[in-house]
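Text of work-v2.txt (compact mmCIF, C-alpha atoms) as supplied:
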# COMPACT_ATOMS: atom_id res chain seq x y z
CA MET F 186 -49.62 -15.66 -16.85
CA SER F 187 -47.19 -18.41 -15.91
CA ALA F 188 -43.68 -18.16 -14.56
CA ALA F 189 -40.70 -20.34 -15.23
CA LYS F 190 -40.08 -23.06 -12.71
CA PRO F 191 -37.39 -22.17 -10.21
CA ASN F 192 -33.92 -23.45 -10.65
CA THR F 193 -33.78 -25.89 -7.71
CA GLN F 194 -35.05 -29.57 -7.59
CA ASP F 195 -38.39 -28.19 -8.69
CA ASP F 196 -39.46 -30.82 -11.19
CA SER F 197 -39.55 -33.48 -8.47
CA LEU F 198 -41.25 -31.08 -6.04
CA HIS F 199 -43.97 -30.29 -8.55
CA ASP F 200 -44.40 -34.00 -9.21
CA LEU F 201 -44.88 -34.64 -5.48
CA LEU F 202 -47.52 -31.93 -5.28
CA GLU F 203 -49.38 -33.19 -8.32
CA ARG F 204 -49.46 -36.75 -6.96
CA ALA F 205 -50.98 -35.32 -3.77
CA GLY F 206 -53.70 -33.62 -5.80
CA ILE F 207 -52.26 -30.12 -5.42
CA ALA F 208 -52.34 -28.51 -8.84
CA LEU F 209 -50.44 -25.25 -8.65
CA GLU F 210 -52.02 -22.14 -10.16
CA GLU F 211 -48.49 -21.05 -10.99
CA PRO F 212 -45.17 -22.80 -10.40
CA PHE F 213 -43.18 -21.88 -7.33
CA ARG F 214 -41.10 -18.80 -7.99
CA GLU F 215 -37.89 -17.65 -6.36
CA VAL F 216 -38.04 -14.08 -5.09
CA GLY F 217 -35.20 -12.61 -3.06
CA GLY F 218 -33.72 -16.02 -2.34
CA HIS F 219 -36.91 -17.69 -1.08
CA LEU F 220 -39.86 -19.39 -2.77
CA GLU F 221 -43.35 -18.01 -3.31
CA ALA F 222 -46.53 -19.89 -4.17
CA HIS F 223 -50.00 -18.79 -5.28
CA PHE F 224 -53.48 -19.71 -4.06
CA MET F 225 -56.67 -18.17 -5.48
CA GLY F 226 -54.69 -15.20 -6.75
CA VAL F 227 -52.87 -14.59 -3.44
CA ARG F 228 -49.08 -14.66 -3.23
CA LEU F 229 -47.81 -16.81 -0.35
CA THR F 230 -44.39 -16.97 1.22
CA SER F 231 -42.69 -17.76 4.53
CA ALA F 232 -41.32 -15.84 7.47
CA PHE F 233 -39.48 -17.49 10.36
CA GLN F 234 -39.40 -16.43 13.99
CA PRO F 235 -36.86 -17.96 16.38
CA ILE F 236 -37.78 -19.77 19.59
CA ALA F 237 -35.10 -19.73 22.29
CA ASP F 238 -34.37 -21.66 25.46
CA ALA F 239 -35.61 -19.46 28.31
CA ASP F 240 -32.49 -19.82 30.44
CA SER F 241 -29.59 -19.98 27.98
CA GLY F 242 -31.06 -17.92 25.14
CA CYS F 243 -29.89 -20.57 22.65
CA VAL F 244 -32.16 -20.98 19.64
CA ILE F 245 -34.04 -24.28 19.67
CA GLY F 246 -36.33 -23.78 16.70
CA TYR F 247 -38.17 -21.51 14.30
CA GLU F 248 -41.88 -21.05 13.79
CA ALA F 249 -42.87 -20.76 10.14
CA LEU F 250 -45.39 -17.96 9.62
CA LEU F 251 -47.46 -17.41 6.51
CA ARG F 252 -47.10 -14.11 4.69
CA ALA F 253 -49.70 -13.34 2.02
CA ARG F 254 -50.37 -10.49 -0.38
CA ALA F 255 -53.44 -10.05 -2.55
CA ASP F 256 -51.46 -7.68 -4.74
CA ASP F 257 -48.49 -5.37 -4.29
CA ARG F 258 -50.43 -3.17 -1.85
CA TRP F 259 -52.58 -5.33 0.40
CA SER F 260 -51.32 -7.95 2.83
CA LEU F 261 -53.61 -10.60 4.29
CA ALA F 262 -53.53 -12.28 7.68
CA PRO F 263 -53.29 -16.10 7.57
CA GLU F 264 -56.87 -16.32 8.89
CA ALA F 265 -58.04 -14.26 5.92
CA VAL F 266 -56.24 -16.56 3.49
CA PHE F 267 -57.93 -19.64 4.93
CA ALA F 268 -61.25 -17.81 4.81
CA LEU F 269 -60.97 -17.54 1.02
CA THR F 270 -62.66 -20.92 0.68
CA ASP F 271 -65.05 -23.05 2.69
CA ASP F 272 -64.47 -26.10 0.52
CA PRO F 273 -62.86 -28.77 2.75
CA GLU F 274 -60.73 -30.17 -0.07
CA GLN F 275 -59.48 -26.71 -0.98
CA MET F 276 -58.57 -26.07 2.66
CA VAL F 277 -56.56 -29.29 2.77
CA ARG F 278 -54.86 -28.25 -0.45
CA LEU F 279 -54.00 -24.84 1.02
CA ASP F 280 -52.74 -26.35 4.27
CA ARG F 281 -50.47 -28.76 2.39
CA LEU F 282 -49.28 -26.03 0.07
CA CYS F 283 -48.31 -23.79 3.01
CA ARG F 284 -46.46 -26.55 4.83
CA THR F 285 -44.60 -27.47 1.64
CA LEU F 286 -43.62 -23.86 1.07
CA HIS F 287 -42.37 -23.49 4.65
CA ALA F 288 -40.41 -26.76 4.58
CA VAL F 289 -38.66 -25.86 1.33
CA ASN F 290 -37.79 -22.34 2.48
CA PHE F 291 -36.65 -23.62 5.88
CA SER F 292 -34.37 -26.25 4.37
CA ARG F 293 -32.82 -23.70 2.03
CA ARG F 294 -32.22 -20.91 4.52
CA ARG F 295 -31.45 -22.40 7.93
CA PRO F 296 -27.92 -22.91 9.24
CA SER F 297 -26.87 -26.55 9.05
CA ASN F 298 -28.79 -28.72 11.56
CA GLU F 299 -29.78 -25.71 13.68
CA GLY F 300 -33.18 -25.81 15.30
CA ASP F 301 -36.51 -27.53 14.77
CA LEU F 302 -39.26 -26.37 12.44
CA TYR F 303 -42.57 -25.39 14.08
CA LEU F 304 -45.48 -25.57 11.63
CA ASN F 305 -49.11 -24.56 12.04
CA LEU F 306 -51.48 -27.41 11.22
CA TYR F 307 -55.07 -26.34 10.68
CA PRO F 308 -57.72 -28.49 12.41
CA GLN F 309 -59.85 -28.53 9.26
CA HIS F 310 -57.07 -30.50 7.58
CA LEU F 311 -57.14 -33.11 10.34
CA ARG F 312 -60.92 -33.42 10.15
CA THR F 313 -61.01 -33.74 6.36
CA VAL F 314 -58.17 -36.20 5.81
CA SER F 315 -59.62 -39.50 6.99
CA GLU F 316 -56.41 -41.53 7.21
CA GLY F 317 -52.74 -41.57 6.32
CA HIS F 318 -51.97 -38.37 8.21
CA GLY F 319 -48.38 -37.38 7.53
CA ALA F 320 -47.79 -39.63 4.51
CA PHE F 321 -47.80 -36.73 2.05
CA PHE F 322 -45.68 -34.47 4.22
CA ASP F 323 -43.13 -37.24 4.82
CA SER F 324 -42.35 -37.18 1.10
CA ILE F 325 -41.97 -33.39 1.15
CA LEU F 326 -39.58 -33.51 4.11
CA GLU F 327 -37.54 -36.23 2.42
CA HIS F 328 -37.32 -34.03 -0.66
CA CYS F 329 -36.03 -31.20 1.57
CA GLY F 330 -33.55 -33.37 3.46
CA LEU F 331 -35.48 -32.97 6.73
CA SER F 332 -36.63 -35.55 9.25
CA PRO F 333 -40.09 -35.66 10.89
CA THR F 334 -38.28 -35.79 14.24
CA ARG F 335 -37.21 -32.17 13.64
CA VAL F 336 -40.78 -30.95 13.04
CA VAL F 337 -43.26 -29.74 15.67
CA LEU F 338 -46.86 -29.49 14.43
CA GLU F 339 -48.81 -26.67 16.09
CA ILE F 340 -52.56 -26.98 16.61
CA LEU F 341 -54.74 -24.19 17.99
CA GLU F 342 -56.32 -25.08 21.30
CA SER F 343 -59.60 -23.64 20.02
CA GLY F 344 -59.59 -26.30 17.29
CA LEU F 345 -59.49 -29.26 19.68
CA ASP F 346 -63.22 -29.92 19.64
CA ASP F 347 -63.52 -32.98 17.40
CA VAL F 348 -61.72 -35.08 20.00
CA PRO F 349 -61.86 -38.65 18.58
CA HIS F 350 -60.82 -37.62 15.06
CA LEU F 351 -58.07 -35.27 16.21
CA GLU F 352 -56.76 -37.81 18.68
CA GLN F 353 -56.40 -40.38 15.90
CA ALA F 354 -54.69 -37.86 13.63
CA MET F 355 -52.23 -36.81 16.34
CA ASN F 356 -51.38 -40.43 17.08
CA ASN F 357 -50.71 -41.04 13.38
CA TYR F 358 -48.35 -38.08 13.23
CA ARG F 359 -46.57 -39.18 16.41
CA GLU F 360 -46.02 -42.66 15.01
CA ARG F 361 -44.21 -41.03 12.10
CA GLY F 362 -41.92 -39.12 14.46
CA TYR F 363 -43.57 -35.69 14.56
CA ARG F 364 -44.08 -33.81 17.81
CA ILE F 365 -47.29 -31.98 18.70
CA ALA F 366 -47.77 -28.53 20.22
CA ILE F 367 -50.99 -26.97 21.49
CA VAL F 368 -50.79 -23.24 20.80
CA ASP F 369 -52.54 -20.16 22.18
CA PHE F 370 -53.22 -22.06 25.40
CA GLY F 371 -55.01 -19.79 27.85
CA ARG F 372 -56.51 -17.47 25.23
CA GLN F 373 -60.05 -18.28 26.34
CA TYR F 374 -61.24 -20.97 28.73
CA SER F 375 -58.54 -23.61 28.54
CA LYS F 376 -59.52 -27.15 29.44
CA LEU F 377 -56.70 -28.68 31.43
CA ASP F 378 -57.95 -32.21 30.78
CA ARG F 379 -56.87 -31.75 27.17
CA LEU F 380 -53.25 -31.86 28.33
CA TRP F 381 -53.70 -35.49 29.38
CA ARG F 382 -56.10 -36.37 26.56
CA PHE F 383 -53.88 -35.17 23.71
CA GLN F 384 -50.51 -35.43 25.50
CA PRO F 385 -48.78 -32.60 23.59
CA ASP F 386 -45.01 -32.38 23.59
CA HIS F 387 -45.15 -28.57 23.82
CA VAL F 388 -47.71 -26.08 25.09
CA LYS F 389 -47.39 -22.52 23.79
CA LEU F 390 -48.96 -20.01 26.16
CA ASP F 391 -51.02 -17.24 24.59
CA ARG F 392 -49.22 -13.92 24.32
CA ASN F 393 -51.97 -12.18 26.30
CA LEU F 394 -50.96 -14.13 29.41
CA ILE F 395 -47.49 -12.58 29.59
CA ALA F 396 -48.95 -9.13 29.00
CA ALA F 397 -51.52 -9.63 31.77
CA ALA F 398 -48.95 -11.10 34.17
CA SER F 399 -46.67 -8.11 33.58
CA GLU F 400 -49.36 -5.84 35.01
CA ASN F 401 -51.21 -8.08 37.48
CA ALA F 402 -49.57 -9.60 40.56
CA GLY F 403 -52.36 -12.13 40.97
CA MET F 404 -51.77 -13.46 37.47
CA ARG F 405 -48.04 -13.69 38.16
CA ARG F 406 -48.73 -15.85 41.20
CA LEU F 407 -50.86 -18.23 39.13
CA LEU F 408 -48.29 -18.88 36.41
CA PRO F 409 -45.90 -21.20 38.32
CA GLY F 410 -48.83 -23.44 39.23
CA LEU F 411 -50.03 -23.53 35.62
CA PHE F 412 -46.55 -24.38 34.39
CA SER F 413 -46.28 -27.13 37.00
CA ILE F 414 -49.52 -28.71 35.72
CA ILE F 415 -48.26 -28.57 32.13
CA HIS F 416 -44.95 -30.13 33.13
CA ASP F 417 -46.76 -32.86 35.07
CA ALA F 418 -48.63 -33.68 31.85
CA GLY F 419 -45.25 -34.23 30.16
CA ALA F 420 -45.11 -31.09 28.02
CA LEU F 421 -42.60 -28.28 27.69
CA THR F 422 -43.83 -24.69 27.93
CA VAL F 423 -43.19 -21.93 25.41
CA PHE F 424 -44.15 -18.37 26.33
CA GLU F 425 -45.15 -16.34 23.29
CA GLY F 426 -45.24 -12.56 23.02
CA ILE F 427 -41.97 -11.74 24.79
CA GLU F 428 -41.40 -8.08 23.92
CA THR F 429 -39.36 -6.71 26.85
CA PHE F 430 -36.54 -7.83 29.13
CA GLU F 431 -38.99 -7.57 32.04
CA GLN F 432 -41.27 -10.09 30.35
CA LEU F 433 -38.31 -12.35 29.64
CA ALA F 434 -37.32 -12.26 33.31
CA LEU F 435 -40.91 -13.02 34.30
CA ALA F 436 -41.05 -16.00 31.94
CA ARG F 437 -37.84 -17.36 33.41
CA ASP F 438 -38.92 -16.79 37.00
CA THR F 439 -42.26 -18.56 36.52
CA GLY F 440 -40.74 -21.67 34.95
CA ALA F 441 -41.05 -21.29 31.17
CA ASP F 442 -38.88 -23.68 29.17
CA ALA F 443 -38.69 -21.55 26.02
CA VAL F 444 -39.64 -18.09 24.82
CA GLN F 445 -40.72 -16.49 21.57
CA GLY F 446 -41.35 -12.88 20.62
CA ASN F 447 -39.81 -9.82 19.04
CA LEU F 448 -37.23 -9.54 21.83
CA VAL F 449 -35.86 -12.91 20.76
CA GLY F 450 -36.17 -12.15 17.06
CA HIS F 451 -38.60 -10.67 14.56
CA PRO F 452 -40.23 -12.85 11.90
CA THR F 453 -38.33 -12.41 8.64
CA PRO F 454 -38.00 -14.42 5.41
CA SER F 455 -34.44 -15.18 6.49
CA GLY F 456 -35.26 -15.25 10.20
CA PHE F 457 -32.01 -16.99 10.99
CA GLN F 458 -30.18 -13.67 10.68
CA SER F 459 -32.34 -11.77 13.17
CA LEU F 460 -31.48 -13.70 16.31
CA ARG F 461 -30.44 -12.14 19.57
CA PRO F 462 -28.59 -14.97 21.33
CA SER F 463 -28.08 -12.91 24.48
CA ALA F 464 -31.84 -12.56 25.06
Translate the structure described by the file into structure tokens.
Amino acid sequence: MSAAKPNTQDDSLHDLLERAGIALEEPFREVGGHLEAHFMGVRLTSAFQPIADADSGCVIGYEALLRARADDRWSLAPEAVFALTDDPEQMVRLDRLCRTLHAVNFSRRRPSNEGDLYLNLYPQHLRTVSEGHGAFFDSILEHCGLSPTRVVLEILESGLDDVPHLEQAMNNYRERGYRIAIVDFGRQYSKLDRLWRFQPDHVKLDRNLIAAASENAGMRRLLPGLFSIIHDAGALTVFEGIETFEQLALARDTGADAVQGNLVGHPTPSGFQSLRPSA
């Protein structure tokens, strides 16, 4: 069953996707003011969570989060969506489809010129695409009226194993104006040398660190030193998982540059309305 194309610049958007080899199962559809896409029978849409300056509380950006439903009853985690296929080309297609969906929804819903867009970039995409990283997405951003300089690409630290290939891909994206963030830093055994090898612009600390530091004085004493190392490598720090005012105060006291979590704002399709500027 097919749906009518949405009533917004969609012909050109669909043309861009087709030229990139992304044949849609169904056209994008507008639901509740935002777009949905489909992949292998799963409905995909966007939610946005604000990221705020740790000291002022001013919003500096929004992380786009994937929301997926297999039907009207069952929701799927993003990891489960990407586990639907082990075909490298299909994974690239899904990654591009998600980033396109997020960029379009972000451009339609954000306040004028407010905040950067933080997008998850799956390592499998970087390994599979041999060259021209960013060329396709440049055309999508242009379609949306966005600049690569306003986009931060997030890469899981656990995916930084194929060093030469990833390094080349990151350099290609940087040359196009994108910034790079390593996310979930500290979840397992973080390798500090990666900070100098990949030279990220942002490092997002795993949410478990703030939870552990809230309960453990030894962990709290370690955080300023860790932040100092990250700053010495030229990156800004973002503390994820801020749920309480005590955690916010801890993040500020230990030197975090920015914070993210439900205290700052919950992920919503129109996340720009859920901000708490005083946080």
Close residues, range 216-224 of chain F itself excluded, 6 Å, only C-alpha atoms, min 5 positions apart in chain, as a list of chain:residue names
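The filter keeps F:Leu229, F:Thr230, F:Asn290.
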In Å, rounded to a single decimal, give me how far CA of Thr453 in chain F is from CA of Gln234 in chain F.
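Interatomic distance here is 6.8 Å.
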CA of Ala443 in chain F and CA of Asp323 in chain F, how far apart in Å?
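We find that CA of Asp323 in chain F and CA of Ala443 in chain F lie 26.7 Å from each other.
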For a quick check of understanding, using all atoms listed in the file, which of F:Arg359, F:Arg214, F:His416, F:Arg252 has the smallest distance to Ala320 in chain F?
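With all atoms listed in the file as the atom set, the closest residue is F:Arg359.
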As an exercise, work out the distance from CA of Arg437 in chain F to CA of Phe233 in chain F in Å and give it to one decimal place.
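According to the coordinates, CA of Arg437 in chain F and CA of Phe233 in chain F are separated by 23.1 Å.
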Neighbour list for Ala288 in chain F as number ranges by chain, cut-off 12 Å, only C-alpha atoms, skip fewer than 4 positions in-chain:
F: 198, 219-220, 230-233, 247-251, 281-284, 292-295, 301-305, 322-333, 335-337
Atoms kept (C-alpha atoms) for selection, written as a PDB file, in the frame of the given file:
ATOM      1  CA  LEU F 198     -41.250 -31.080  -6.040  1.00  0.00           C
ATOM      2  CA  HIS F 219     -36.910 -17.690  -1.080  1.00  0.00           C
ATOM      3  CA  LEU F 220     -39.860 -19.390  -2.770  1.00  0.00           C
ATOM      4  CA  THR F 230     -44.390 -16.970   1.220  1.00  0.00           C
ATOM      5  CA  SER F 231     -42.690 -17.760   4.530  1.00  0.00           C
ATOM      6  CA  ALA F 232     -41.320 -15.840   7.470  1.00  0.00           C
ATOM      7  CA  PHE F 233     -39.480 -17.490  10.360  1.00  0.00           C
ATOM      8  CA  TYR F 247     -38.170 -21.510  14.300  1.00  0.00           C
ATOM      9  CA  GLU F 248     -41.880 -21.050  13.790  1.00  0.00           C
ATOM     10  CA  ALA F 249     -42.870 -20.760  10.140  1.00  0.00           C
ATOM     11  CA  LEU F 250     -45.390 -17.960   9.620  1.00  0.00           C
ATOM     12  CA  LEU F 251     -47.460 -17.410   6.510  1.00  0.00           C
ATOM     13  CA  ARG F 281     -50.470 -28.760   2.390  1.00  0.00           C
ATOM     14  CA  LEU F 282     -49.280 -26.030   0.070  1.00  0.00           C
ATOM     15  CA  CYS F 283     -48.310 -23.790   3.010  1.00  0.00           C
ATOM     16  CA  ARG F 284     -46.460 -26.550   4.830  1.00  0.00           C
ATOM     17  CA  SER F 292     -34.370 -26.250   4.370  1.00  0.00           C
ATOM     18  CA  ARG F 293     -32.820 -23.700   2.030  1.00  0.00           C
ATOM     19  CA  ARG F 294     -32.220 -20.910   4.520  1.00  0.00           C
ATOM     20  CA  ARG F 295     -31.450 -22.400   7.930  1.00  0.00           C
ATOM     21  CA  ASP F 301     -36.510 -27.530  14.770  1.00  0.00           C
ATOM     22  CA  LEU F 302     -39.260 -26.370  12.440  1.00  0.00           C
ATOM     23  CA  TYR F 303     -42.570 -25.390  14.080  1.00  0.00           C
ATOM     24  CA  LEU F 304     -45.480 -25.570  11.630  1.00  0.00           C
ATOM     25  CA  ASN F 305     -49.110 -24.560  12.040  1.00  0.00           C
ATOM     26  CA  PHE F 322     -45.680 -34.470   4.220  1.00  0.00           C
ATOM     27  CA  ASP F 323     -43.130 -37.240   4.820  1.00  0.00           C
ATOM     28  CA  SER F 324     -42.350 -37.180   1.100  1.00  0.00           C
ATOM     29  CA  ILE F 325     -41.970 -33.390   1.150  1.00  0.00           C
ATOM     30  CA  LEU F 326     -39.580 -33.510   4.110  1.00  0.00           C
ATOM     31  CA  GLU F 327     -37.540 -36.230   2.420  1.00  0.00           C
ATOM     32  CA  HIS F 328     -37.320 -34.030  -0.660  1.00  0.00           C
ATOM     33  CA  CYS F 329     -36.030 -31.200   1.570  1.00  0.00           C
ATOM     34  CA  GLY F 330     -33.550 -33.370   3.460  1.00  0.00           C
ATOM     35  CA  LEU F 331     -35.480 -32.970   6.730  1.00  0.00           C
ATOM     36  CA  SER F 332     -36.630 -35.550   9.250  1.00  0.00           C
ATOM     37  CA  PRO F 333     -40.090 -35.660  10.890  1.00  0.00           C
ATOM     38  CA  ARG F 335     -37.210 -32.170  13.640  1.00  0.00           C
ATOM     39  CA  VAL F 336     -40.780 -30.950  13.040  1.00  0.00           C
ATOM     40  CA  VAL F 337     -43.260 -29.740  15.670  1.00  0.00           C
TER      41      VAL F 337
END
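Of the listed residues (F:Val368, F:Leu286, F:Ile427, F:Leu306), F:Ile427 comes nearest to His451 in chain F; the distances count all atoms listed in the file.
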So which residues touch Thr334 in chain F within 9 Å, counting all atoms listed in the file, skipping near sequence neighbours fewer than 4 positions away, as a CSV table (one decimal) with C-alpha atoms, keeping the file's coordinate frame?
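Below you can see out_1.csv, which holds the result:
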chain,number,residue,atom,x,y,z
F,301,ASP,CA,-36.5,-27.5,14.8
F,361,ARG,CA,-44.2,-41.0,12.1
F,362,GLY,CA,-41.9,-39.1,14.5
F,363,TYR,CA,-43.6,-35.7,14.6
F,364,ARG,CA,-44.1,-33.8,17.8
F:Gln275, F:Ser399, F:Gln384, F:Ser241: which is nearest Glu431 in chain F, counting all atoms listed in the file?
F:Ser399
Quick one: residues within 12 Å of Glu400 in chain F, all atoms listed in the file, excluding same-chain residues fewer than 5 positions away - as a short mmCIF file (atom, residue, chain, number, x, y, z; two decimals) with C-alpha atoms, keeping the file's coordinate frame?
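The result, written out as out-v7.cif:
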data_model
loop_
_atom_site.label_atom_id
_atom_site.label_comp_id
_atom_site.auth_asym_id
_atom_site.auth_seq_id
_atom_site.Cartn_x
_atom_site.Cartn_y
_atom_site.Cartn_z
CA ASN F 393 -51.97 -12.18 26.30
CA LEU F 394 -50.96 -14.13 29.41
CA ILE F 395 -47.49 -12.58 29.59
CA ARG F 405 -48.04 -13.69 38.16
CA ARG F 406 -48.73 -15.85 41.20
CA GLU F 431 -38.99 -7.57 32.04
CA GLN F 432 -41.27 -10.09 30.35
CA LEU F 435 -40.91 -13.02 34.30
#
Do you know which residues are at most 8 Å from Ala253 in chain F counting all atoms listed in the file, after dropping those on the same chain fewer than 3 positions away, and could you put them as an MDAnalysis selection string?
chainID F and resid 227:230 260:263 266
